[in-house]
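K.L.:
If it helps, the file is called entry.csv and holds CSV, C-alpha atoms:
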```csv
chain,number,residue,atom,x,y,z
A,1,MET,CA,29.0,14.7,2.5
A,2,ARG,CA,27.6,11.8,0.4
A,3,LEU,CA,26.2,13.7,-2.5
A,4,LYS,CA,24.0,11.1,-4.2
A,5,PRO,CA,21.6,10.3,-1.3
A,6,THR,CA,21.5,13.8,-0.1
A,7,LEU,CA,20.8,15.2,-3.5
A,8,THR,CA,18.0,12.7,-4.0
A,9,ALA,CA,16.5,13.6,-0.7
A,10,LEU,CA,16.9,17.3,-1.4
A,11,PHE,CA,15.1,17.1,-4.7
A,12,ALA,CA,12.3,14.8,-3.5
A,13,ALA,CA,11.5,16.5,-0.2
A,14,ALA,CA,11.9,20.0,-1.5
A,15,THR,CA,9.1,19.3,-3.9
A,16,LEU,CA,6.9,18.0,-1.2
A,17,ALA,CA,7.8,14.5,-2.0
A,18,LEU,CA,6.0,11.8,-0.2
A,19,PRO,CA,8.3,9.8,2.0
A,20,ALA,CA,9.6,6.3,1.5
A,21,GLY,CA,7.8,3.1,0.7
A,22,ALA,CA,6.1,1.2,3.5
A,23,GLN,CA,7.1,-1.9,1.6
A,24,GLU,CA,10.7,-1.5,2.6
A,25,CYS,CA,10.7,0.6,5.8
A,26,VAL,CA,9.1,-1.2,8.7
A,27,GLY,CA,6.8,0.8,10.9
A,28,ARG,CA,3.1,1.3,11.8
A,29,ASN,CA,0.4,3.4,10.3
A,30,LEU,CA,-0.2,6.1,12.9
A,31,PHE,CA,-3.8,6.6,11.7
A,32,ASP,CA,-4.6,3.2,13.0
A,33,THR,CA,-3.7,4.1,16.6
A,34,MET,CA,-4.8,7.7,16.5
A,35,ALA,CA,-7.5,8.8,18.9
A,36,PRO,CA,-10.9,8.8,17.0
A,37,GLU,CA,-11.5,12.4,17.8
A,38,ARG,CA,-8.2,13.5,16.3
A,39,LEU,CA,-8.7,11.4,13.2
A,40,ALA,CA,-12.1,13.0,12.8
A,41,GLU,CA,-10.4,16.5,13.0
A,42,LEU,CA,-8.0,15.4,10.3
A,43,ARG,CA,-10.8,14.3,8.1
A,44,ALA,CA,-12.8,17.4,8.7
A,45,ALA,CA,-9.8,19.6,7.9
A,46,THR,CA,-9.4,17.7,4.6
A,47,SER,CA,-12.9,17.3,3.5
A,48,GLY,CA,-13.4,20.9,2.2
A,49,VAL,CA,-10.3,21.0,0.1
A,50,PRO,CA,-10.9,20.8,-3.7
A,51,TYR,CA,-9.7,17.6,-5.3
A,52,HIS,CA,-8.4,16.2,-2.0
A,53,GLN,CA,-9.1,12.6,-3.0
A,54,GLY,CA,-7.5,11.0,-6.0
A,55,LEU,CA,-4.1,10.8,-7.7
A,56,PHE,CA,-4.8,10.6,-11.5
A,57,TRP,CA,-6.9,13.0,-13.5
A,58,ARG,CA,-7.8,14.1,-17.0
A,59,ALA,CA,-8.1,17.8,-18.1
A,60,GLU,CA,-9.8,18.6,-21.4
A,61,LYS,CA,-10.4,21.8,-23.2
A,62,ALA,CA,-11.3,22.6,-26.8
A,63,GLY,CA,-9.8,19.4,-28.2
A,64,GLN,CA,-6.7,19.6,-25.9
A,65,ARG,CA,-6.0,16.8,-23.5
A,66,VAL,CA,-3.7,16.5,-20.4
A,67,THR,CA,-3.3,13.4,-18.3
A,68,LEU,CA,-2.2,14.5,-14.8
A,69,LEU,CA,-0.5,12.0,-12.5
A,70,GLY,CA,0.1,12.7,-8.8
A,71,THR,CA,3.4,11.0,-8.2
A,72,TYR,CA,5.3,9.5,-5.3
A,73,HIS,CA,9.0,10.0,-5.5
A,74,PHE,CA,10.3,6.8,-4.0
A,75,ALA,CA,10.2,3.1,-5.0
A,76,ASP,CA,7.1,1.0,-4.4
A,77,PRO,CA,5.9,-2.1,-6.3
A,78,ARG,CA,2.5,-0.5,-6.6
A,79,HIS,CA,3.9,1.9,-9.2
A,80,ASP,CA,3.7,-1.1,-11.6
A,81,LEU,CA,-0.1,-0.6,-11.5
A,82,ALA,CA,0.2,3.0,-12.6
A,83,MET,CA,2.7,2.3,-15.3
A,84,ALA,CA,0.6,-0.5,-16.7
A,85,ARG,CA,-2.3,2.0,-17.0
A,86,PHE,CA,-0.4,5.1,-18.2
A,87,GLY,CA,2.6,3.7,-20.0
A,88,PRO,CA,0.8,3.4,-23.3
A,89,GLU,CA,-0.5,6.9,-22.9
A,90,ILE,CA,3.1,8.2,-22.6
A,91,ASP,CA,4.0,6.2,-25.7
A,92,ARG,CA,1.4,8.1,-27.7
A,93,ALA,CA,1.9,11.5,-26.0
A,94,ALA,CA,3.5,14.5,-27.6
A,95,ALA,CA,5.5,15.2,-24.4
A,96,LEU,CA,5.9,14.2,-20.8
A,97,LEU,CA,6.0,17.2,-18.4
A,98,VAL,CA,7.8,16.7,-15.1
A,99,GLU,CA,9.1,18.8,-12.2
A,100,ALA,CA,12.7,18.0,-13.3
A,101,GLY,CA,14.0,15.9,-16.1
A,102,PRO,CA,17.4,14.3,-16.4
A,103,GLU,CA,19.1,17.5,-17.6
A,104,GLU,CA,17.8,19.5,-14.7
A,105,GLU,CA,18.8,16.8,-12.1
A,106,ALA,CA,22.3,16.8,-13.6
A,107,LYS,CA,22.6,20.5,-13.4
A,108,LEU,CA,21.5,20.4,-9.8
A,109,ALA,CA,24.0,17.8,-8.9
A,110,GLU,CA,26.8,19.8,-10.7
A,111,ALA,CA,25.8,23.0,-8.8
A,112,MET,CA,25.9,21.3,-5.4
A,113,THR,CA,29.3,19.8,-6.1
A,114,ALA,CA,30.7,23.0,-7.3
A,115,ASP,CA,29.2,25.3,-4.7
A,116,PRO,CA,28.6,23.7,-1.2
A,117,THR,CA,27.4,27.1,0.1
A,118,LEU,CA,24.1,26.4,-1.7
A,119,ILE,CA,23.2,24.2,1.3
A,120,VAL,CA,25.9,25.2,3.8
A,121,ASN,CA,26.2,28.6,5.5
A,122,PRO,CA,30.0,29.1,6.0
A,123,GLN,CA,29.6,32.4,7.9
A,124,GLY,CA,27.1,31.7,10.7
A,125,PRO,CA,25.4,31.9,13.0
A,126,THR,CA,25.5,28.2,13.4
A,127,LEU,CA,22.4,26.1,14.2
A,128,PRO,CA,23.6,25.4,17.8
A,129,GLU,CA,23.7,29.2,18.2
A,130,ARG,CA,20.3,29.7,16.8
A,131,LEU,CA,18.5,26.9,18.7
A,132,SER,CA,18.2,26.0,22.3
A,133,ASP,CA,20.6,23.3,23.7
A,134,ALA,CA,17.8,20.8,23.9
A,135,GLU,CA,16.6,21.6,20.3
A,136,TRP,CA,20.1,21.3,18.9
A,137,LYS,CA,20.7,18.0,20.8
A,138,SER,CA,17.6,16.5,19.3
A,139,LEU,CA,18.3,17.9,15.8
A,140,SER,CA,21.9,16.8,15.6
A,141,ALA,CA,20.9,13.3,16.7
A,142,ALA,CA,18.3,13.2,14.0
A,143,LEU,CA,20.7,14.4,11.3
A,144,GLU,CA,23.4,12.0,12.5
A,145,GLN,CA,20.9,9.2,11.7
A,146,ARG,CA,20.6,10.6,8.2
A,147,GLY,CA,24.4,10.5,7.6
A,148,LEU,CA,25.1,14.1,8.6
A,149,PRO,CA,27.7,14.5,11.4
A,150,ALA,CA,27.1,17.4,13.8
A,151,VAL,CA,30.1,19.3,12.6
A,152,ILE,CA,28.5,19.5,9.1
A,153,ALA,CA,24.9,19.7,10.3
A,154,SER,CA,25.7,22.7,12.5
A,155,ARG,CA,26.2,24.9,9.4
A,156,LEU,CA,23.5,23.6,7.1
A,157,ARG,CA,21.0,26.1,5.9
A,158,PRO,CA,17.6,25.7,7.8
A,159,TRP,CA,15.5,24.9,4.7
A,160,TYR,CA,17.9,22.1,3.8
A,161,VAL,CA,17.7,20.8,7.4
A,162,ALA,CA,13.9,20.7,7.2
A,163,VAL,CA,14.1,18.9,3.9
A,164,MET,CA,16.4,16.2,5.4
A,165,LEU,CA,14.1,15.7,8.4
A,166,GLY,CA,11.4,14.7,6.0
A,167,ILE,CA,13.3,11.6,4.9
A,168,SER,CA,13.6,8.6,7.1
A,169,PRO,CA,17.0,7.1,7.8
A,170,CYS,CA,15.7,3.8,6.5
A,171,MET,CA,14.9,5.3,3.1
A,172,MET,CA,18.2,7.2,2.9
A,173,ARG,CA,19.9,3.8,3.2
A,174,ILE,CA,17.7,2.3,0.5
A,175,VAL,CA,18.3,5.1,-1.9
A,176,GLU,CA,22.0,4.9,-1.3
A,177,THR,CA,21.9,1.2,-2.0
A,178,ARG,CA,19.8,1.5,-5.1
A,179,GLY,CA,21.6,4.6,-6.5
A,180,ASP,CA,18.3,6.3,-7.3
A,181,THR,CA,14.8,6.9,-5.8
A,182,GLY,CA,13.0,4.4,-8.0
A,183,GLY,CA,9.9,6.7,-7.8
A,184,LEU,CA,7.1,7.0,-10.2
A,185,ASP,CA,8.6,10.2,-11.7
A,186,HIS,CA,11.7,8.3,-12.8
A,187,LEU,CA,9.6,5.4,-14.2
A,188,LEU,CA,7.6,7.9,-16.2
A,189,ILE,CA,10.8,9.5,-17.6
A,190,ASP,CA,12.3,6.1,-18.4
A,191,ARG,CA,9.2,5.1,-20.3
A,192,ALA,CA,9.1,8.4,-22.3
A,193,ARG,CA,12.8,8.2,-23.2
A,194,ALA,CA,12.3,4.6,-24.4
A,195,ALA,CA,9.5,5.7,-26.6
A,196,GLU,CA,11.4,8.8,-27.8
A,197,VAL,CA,8.8,11.1,-26.3
A,198,PRO,CA,10.3,14.5,-25.3
A,199,VAL,CA,10.7,15.1,-21.5
A,200,ARG,CA,10.2,18.7,-20.5
A,201,ALA,CA,10.7,20.3,-17.1
A,202,LEU,CA,8.0,22.5,-15.7
A,203,GLU,CA,10.5,24.8,-13.9
A,204,PRO,CA,14.2,25.7,-13.9
A,205,TRP,CA,16.7,23.4,-12.4
A,206,ASP,CA,17.6,25.9,-9.6
A,207,THR,CA,14.1,26.5,-8.4
A,208,VAL,CA,14.7,24.7,-5.1
A,209,PHE,CA,17.4,27.2,-4.1
A,210,THR,CA,15.0,30.2,-4.5
A,211,LEU,CA,12.0,28.8,-2.8
A,212,PHE,CA,12.8,30.0,0.7
A,213,GLU,CA,14.2,33.4,-0.1
A,214,GLY,CA,12.9,36.2,2.1
A,215,MET,CA,12.2,34.2,5.2
A,216,THR,CA,13.0,35.8,8.5
A,217,ALA,CA,15.5,34.1,11.0
A,218,LYS,CA,12.6,33.1,13.2
A,219,GLU,CA,10.6,31.6,10.3
A,220,GLU,CA,13.6,29.6,9.3
A,221,GLU,CA,14.1,28.3,12.9
A,222,ASP,CA,10.4,27.5,13.3
A,223,MET,CA,10.5,25.6,10.0
A,224,ILE,CA,13.0,23.2,11.7
A,225,ARG,CA,10.9,23.0,14.9
A,226,ALA,CA,7.8,22.2,12.9
A,227,ALA,CA,9.7,19.4,11.1
A,228,MET,CA,11.2,17.8,14.2
A,229,PRO,CA,8.3,15.7,15.5
A,230,ALA,CA,8.1,13.4,12.5
A,231,ALA,CA,11.8,12.9,12.5
A,232,GLU,CA,11.6,11.3,15.9
A,233,TYR,CA,9.5,8.4,14.6
A,234,ALA,CA,10.5,8.5,11.0
A,235,ASP,CA,9.6,5.0,9.9
A,236,ASP,CA,6.1,5.2,11.4
A,237,TYR,CA,5.6,8.5,9.7
A,238,THR,CA,6.9,7.1,6.5
A,239,VAL,CA,4.5,4.2,6.6
A,240,THR,CA,1.6,6.4,7.4
A,241,LEU,CA,2.2,8.8,4.6
A,242,THR,CA,2.9,6.1,2.1
A,243,ASP,CA,-0.4,4.4,2.9
A,244,ALA,CA,-2.2,7.7,2.6
A,245,TYR,CA,-0.7,8.3,-0.8
A,246,PHE,CA,-1.7,4.9,-2.2
A,247,SER,CA,-5.2,5.3,-0.7
A,248,GLY,CA,-5.5,8.6,-2.7
A,249,ASP,CA,-5.8,10.7,0.5
A,250,SER,CA,-3.3,13.3,-0.6
A,251,TRP,CA,-4.4,16.2,1.6
A,252,MET,CA,-4.6,14.0,4.7
A,253,ILE,CA,-0.8,13.8,4.4
A,254,TRP,CA,-0.6,17.6,4.6
A,255,GLU,CA,-3.1,18.0,7.5
A,256,PHE,CA,-1.4,15.1,9.4
A,257,GLY,CA,1.8,17.2,9.4
A,258,ARG,CA,-0.1,20.2,10.8
A,259,PHE,CA,-1.7,18.3,13.6
A,260,ASP,CA,1.4,16.5,14.5
A,261,ALA,CA,3.2,19.8,14.8
A,262,TYR,CA,0.4,21.1,17.0
A,263,ASP,CA,1.0,18.3,19.4
A,264,LYS,CA,4.7,17.9,19.5
A,265,SER,CA,6.7,20.8,18.0
A,266,GLY,CA,6.5,23.2,21.0
A,267,LEU,CA,5.1,25.9,18.7
A,268,SER,CA,1.7,27.5,19.3
A,269,ARG,CA,-1.1,26.6,16.9
A,270,ASP,CA,-0.8,30.1,15.4
A,271,GLU,CA,2.9,29.6,14.8
A,272,VAL,CA,2.3,26.1,13.3
A,273,ASP,CA,-0.4,27.5,11.0
A,274,GLU,CA,1.9,30.3,9.9
A,275,GLN,CA,4.6,27.7,9.1
A,276,MET,CA,2.1,25.6,7.1
A,277,ARG,CA,0.9,28.7,5.2
A,278,LEU,CA,4.5,29.6,4.3
A,279,ALA,CA,5.3,26.1,3.3
A,280,GLN,CA,2.2,25.7,1.1
A,281,GLU,CA,2.8,29.1,-0.5
A,282,LYS,CA,6.5,28.5,-1.3
A,283,LEU,CA,6.5,24.7,-2.0
A,284,MET,CA,3.2,24.4,-3.8
A,285,ASP,CA,1.0,27.4,-4.6
A,286,GLN,CA,3.6,29.6,-6.3
A,287,ARG,CA,5.1,26.7,-8.2
A,288,ASN,CA,1.6,25.5,-9.2
A,289,GLU,CA,0.7,28.8,-10.7
A,290,SER,CA,4.0,29.0,-12.6
A,291,TRP,CA,3.3,25.5,-14.2
A,292,ILE,CA,-0.1,26.4,-15.7
A,293,GLU,CA,1.3,28.3,-18.7
A,294,PRO,CA,3.8,25.6,-19.8
A,295,ILE,CA,1.1,22.9,-19.3
A,296,GLU,CA,-1.3,24.8,-21.5
A,297,GLN,CA,1.3,25.6,-24.1
A,298,ALA,CA,2.3,22.0,-24.4
A,299,ALA,CA,-1.3,20.8,-24.6
A,300,ALA,CA,-2.0,23.3,-27.4
A,301,LYS,CA,1.0,22.2,-29.4
A,302,ALA,CA,0.1,18.6,-28.9
A,303,ALA,CA,-3.4,19.1,-30.0
A,304,ALA,CA,-2.2,20.5,-33.3
A,305,GLN,CA,-0.5,17.1,-33.8
A,306,GLY,CA,-3.6,15.2,-32.8
A,307,LYS,CA,-2.0,14.2,-29.5
A,308,GLY,CA,-2.2,14.8,-25.8
A,309,VAL,CA,0.4,15.3,-23.1
A,310,VAL,CA,1.1,13.6,-19.8
A,311,ALA,CA,2.2,15.6,-16.7
A,312,GLY,CA,3.6,13.9,-13.6
A,313,PHE,CA,4.5,15.7,-10.4
A,314,GLY,CA,4.2,15.3,-6.6
A,315,ALA,CA,0.7,14.5,-5.6
A,316,LEU,CA,0.3,17.4,-3.2
A,317,HIS,CA,0.4,19.8,-6.1
A,318,LEU,CA,-3.0,18.5,-7.3
A,319,PRO,CA,-5.5,19.5,-4.5
A,320,GLY,CA,-6.5,22.9,-3.1
A,321,GLU,CA,-7.8,26.2,-4.3
A,322,HIS,CA,-4.3,26.9,-5.7
A,323,GLY,CA,-3.7,23.3,-6.8
A,324,VAL,CA,-3.0,22.5,-10.4
A,325,LEU,CA,-6.5,21.0,-10.9
A,326,ARG,CA,-8.4,24.0,-9.6
A,327,LEU,CA,-6.2,26.4,-11.5
A,328,LEU,CA,-6.8,24.6,-14.7
A,329,GLU,CA,-10.6,24.4,-13.9
A,330,ASN,CA,-10.6,28.2,-13.4
A,331,ARG,CA,-9.2,28.5,-16.9
A,332,GLY,CA,-11.9,26.6,-18.6
A,333,TRP,CA,-10.6,23.0,-18.4
A,334,THR,CA,-12.9,20.1,-17.6
A,335,ILE,CA,-11.4,17.9,-14.9
A,336,SER,CA,-12.3,14.2,-14.5
A,337,PRO,CA,-10.7,11.4,-12.4
A,338,VAL,CA,-9.0,8.4,-13.9
A,339,THR,CA,-9.1,5.2,-11.9
A,340,VAL,CA,-6.4,2.7,-11.5
A,341,GLU,CA,-7.4,-0.5,-9.7
A,342,GLY,CA,-5.4,-1.0,-6.5
A,343,ILE,CA,-4.4,2.6,-6.1
A,344,GLY,CA,-6.5,5.4,-4.7
A,345,ASP,CA,-9.3,3.1,-3.6
A,346,GLY,CA,-7.9,2.1,-0.2
A,347,GLY,CA,-5.4,-0.3,-1.9
```
If you took the structure in this file and wrote it as structure tokens, what would it be?

P.N.:
Amino acid sequence: MRLKPTLTALFAAATLALPAGAQECVGRNLFDTMAPERLAELRAATSGVPYHQGLFWRAEKAGQRVTLLGTYHFADPRHDLAMARFGPEIDRAAALLVEAGPEEEAKLAEAMTADPTLIVNPQGPTLPERLSDAEWKSLSAALEQRGLPAVIASRLRPWYVAVMLGISPCMMRIVETRGDTGGLDHLLIDRARAAEVPVRALEPWDTVFTLFEGMTAKEEEDMIRAAMPAAEYADDYTVTLTDAYFSGDSWMIWEFGRFDAYDKSGLSRDEVDEQMRLAQEKLMDQRNESWIEPIEQAAAKAAAQGKGVVAGFGALHLPGEHGVLRLLENRGWTISPVTVEGIGDGG
């Protein structure tokens, strides 16, 4: 198995990374051809979610200041706009907080090299034994496109399969060619290291391996089924989600996945909703709650030096009742948007 691209995909997608750049993967924006009534449903499902619009925010409390950046984990030239706006803030900051810094990524790579059973189940049952013939045929073809032969794919752990289905084959090739994702997270880290600003991880390096513990066999299998529709038109899905990110419509991305699964996964609406609830809880809500204390501690320490901190993490961690912004607001922080021309305004 080619470690570098699969590792990148694992880390990005398991943190609810937003898929690859529309600038480099050719496809169509599915919102443009969506039936008006379905698009209206998507917008209605999104409209009541706190902080659903916007990518960049400021949180302030008693002289403490945190700049919060909703990131996109793959390369796109529009990241230059964000870096021009926030690069100087990083230079002045006491620390940059990220999901995983260079040390954490290195430990993750080492662990996957040393112990393949982290993502491969050597004992079984295999995925062909757990899924129907038709499901396995579609799944193995999708994974083959992502560089995973059926003989390997058959023993992958279901959570890892769902992760891989979220990355288009086009972007896998681009990442392999580049050698890294080129995402906003890495640009922030590079800027901080150049300015000798400490980079601190918000969670342990092995978090990704604990996120899906306790799921039943059916929940694991349904996780794959819910992820399959997007895999069948990955480049279109990629373009759609990328455009949504740069328009600042973070939660539209989430609801689009839900409604797409309603239509094409073969699961009932209740089963899809349960999968979405589990995914939100494990990938976002629990992690968001664990990040608040280190964010507040870093902000307090920075304020004592007359400085602020910058925090950058996947954009889907910002919205919602259990999103980072509402959690901070509930603890007395004042939240305000930060505008960047060309991003978050339909650009």

K.L.:
Would you mind reading off the distance between atom CA of A:Ala311 and atom CA of A:Asp243, one decimal, in Å?

P.N.:
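Distance between the two atoms: 22.7 Å.
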
K.L.:
Which residues come within 9 Å of A:Phe212, counting all atoms listed in the file, excluding same-chain residues fewer than 2 positions away, as a PyMOL selection string?

P.N.:
chain A and resi 159+208-210+214-215+220+279+282-283

K.L.:
Would you put the residues from that selection into a file with C-alpha atoms, as a PDB file, keeping the file's coordinate frame?

P.N.:
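Below you can see selection_21.pdb, which holds the result:
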```pdb
ATOM      1  CA  TRP A 159      15.500  24.900   4.700  1.00  0.00           C
ATOM      2  CA  VAL A 208      14.700  24.700  -5.100  1.00  0.00           C
ATOM      3  CA  PHE A 209      17.400  27.200  -4.100  1.00  0.00           C
ATOM      4  CA  THR A 210      15.000  30.200  -4.500  1.00  0.00           C
ATOM      5  CA  GLY A 214      12.900  36.200   2.100  1.00  0.00           C
ATOM      6  CA  MET A 215      12.200  34.200   5.200  1.00  0.00           C
ATOM      7  CA  GLU A 220      13.600  29.600   9.300  1.00  0.00           C
ATOM      8  CA  ALA A 279       5.300  26.100   3.300  1.00  0.00           C
ATOM      9  CA  LYS A 282       6.500  28.500  -1.300  1.00  0.00           C
ATOM     10  CA  LEU A 283       6.500  24.700  -2.000  1.00  0.00           C
TER      11      LEU A 283
END
```

K.L.:
From the set A:Ser336, A:Ser154, A:Gln64, A:Ser250, which residue has the shortest atom-to-atom contact distance to A:Glu129, counting only C-alpha atoms?

P.N.:
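With only C-alpha atoms as the atom set, the closest residue is A:Ser154.
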
K.L.:
Counting all atoms listed in the file, figure out which residue out of A:Thr216, A:Glu60, A:Asp235, A:Pro122 gets nearest to A:Gly27.

P.N.:
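Checking each of A:Thr216, A:Glu60, A:Asp235, A:Pro122 against A:Gly27, counting all atoms listed in the file, the winner is A:Asp235.
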
K.L.:
From the set A:Val175, A:Gly63, A:Trp57, A:Glu271, which residue has the shortest atom-to-atom contact distance to A:Gln305, counting all atoms listed in the file?

P.N.:
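Checking each candidate against A:Gln305, we get A:Gly63 as the closest.
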
K.L.:
Would you list the contacts of A:Asn29 as a list of chain:residue names, taking every protein, DNA or RNA residue within 7 Å and counting all atoms listed in the file, but skipping same-chain residues closer than 5 positions in sequence?

P.N.:
A:Asp236, A:Val239, A:Thr240

K.L.:
Pull the closest atom pair for each residue of stretch 92-208 of chain A that gets at most 9 Å from stretch 290-294 of chain A, along with the distance in Å to one decimal, counting all atoms listed in the file, ordering rows by chain and then ascending residue number, as a tab-separated table.

P.N.:
```
residue	atom	partner	partner_atom	distance
A:Leu97	CA	A:Pro294	CA	8.8
A:Leu202	CA	A:Trp291	CA	5.8
A:Glu203	CA	A:Trp291	CA	7.2
```

K.L.:
Could you check how far atom CA of A:Ile343 sits from atom CA of A:Leu69, in Å to one decimal?

P.N.:
12.0 Å

K.L.:
May I ask which of the residues A:Arg193, A:Thr117, A:Ala234, A:Ala82 is the closest one to A:Met172, counting only C-alpha atoms?

P.N.:
A:Ala234

K.L.:
Skip stretch 301-304 of chain A itself and residues of its chain fewer than 4 positions away, then list as a list in words all residues within 12 Å of it, counting only C-alpha atoms.

P.N.:
Glu60, Lys61, Ala62, Gly63, Gln64, Arg65, Val66, Arg92, Ala93, Ala94, Ala95, Leu96, Val197, Pro198, Pro294, Ile295, Glu296, Gln297, Gly308, Val309 and Val310 of chain A
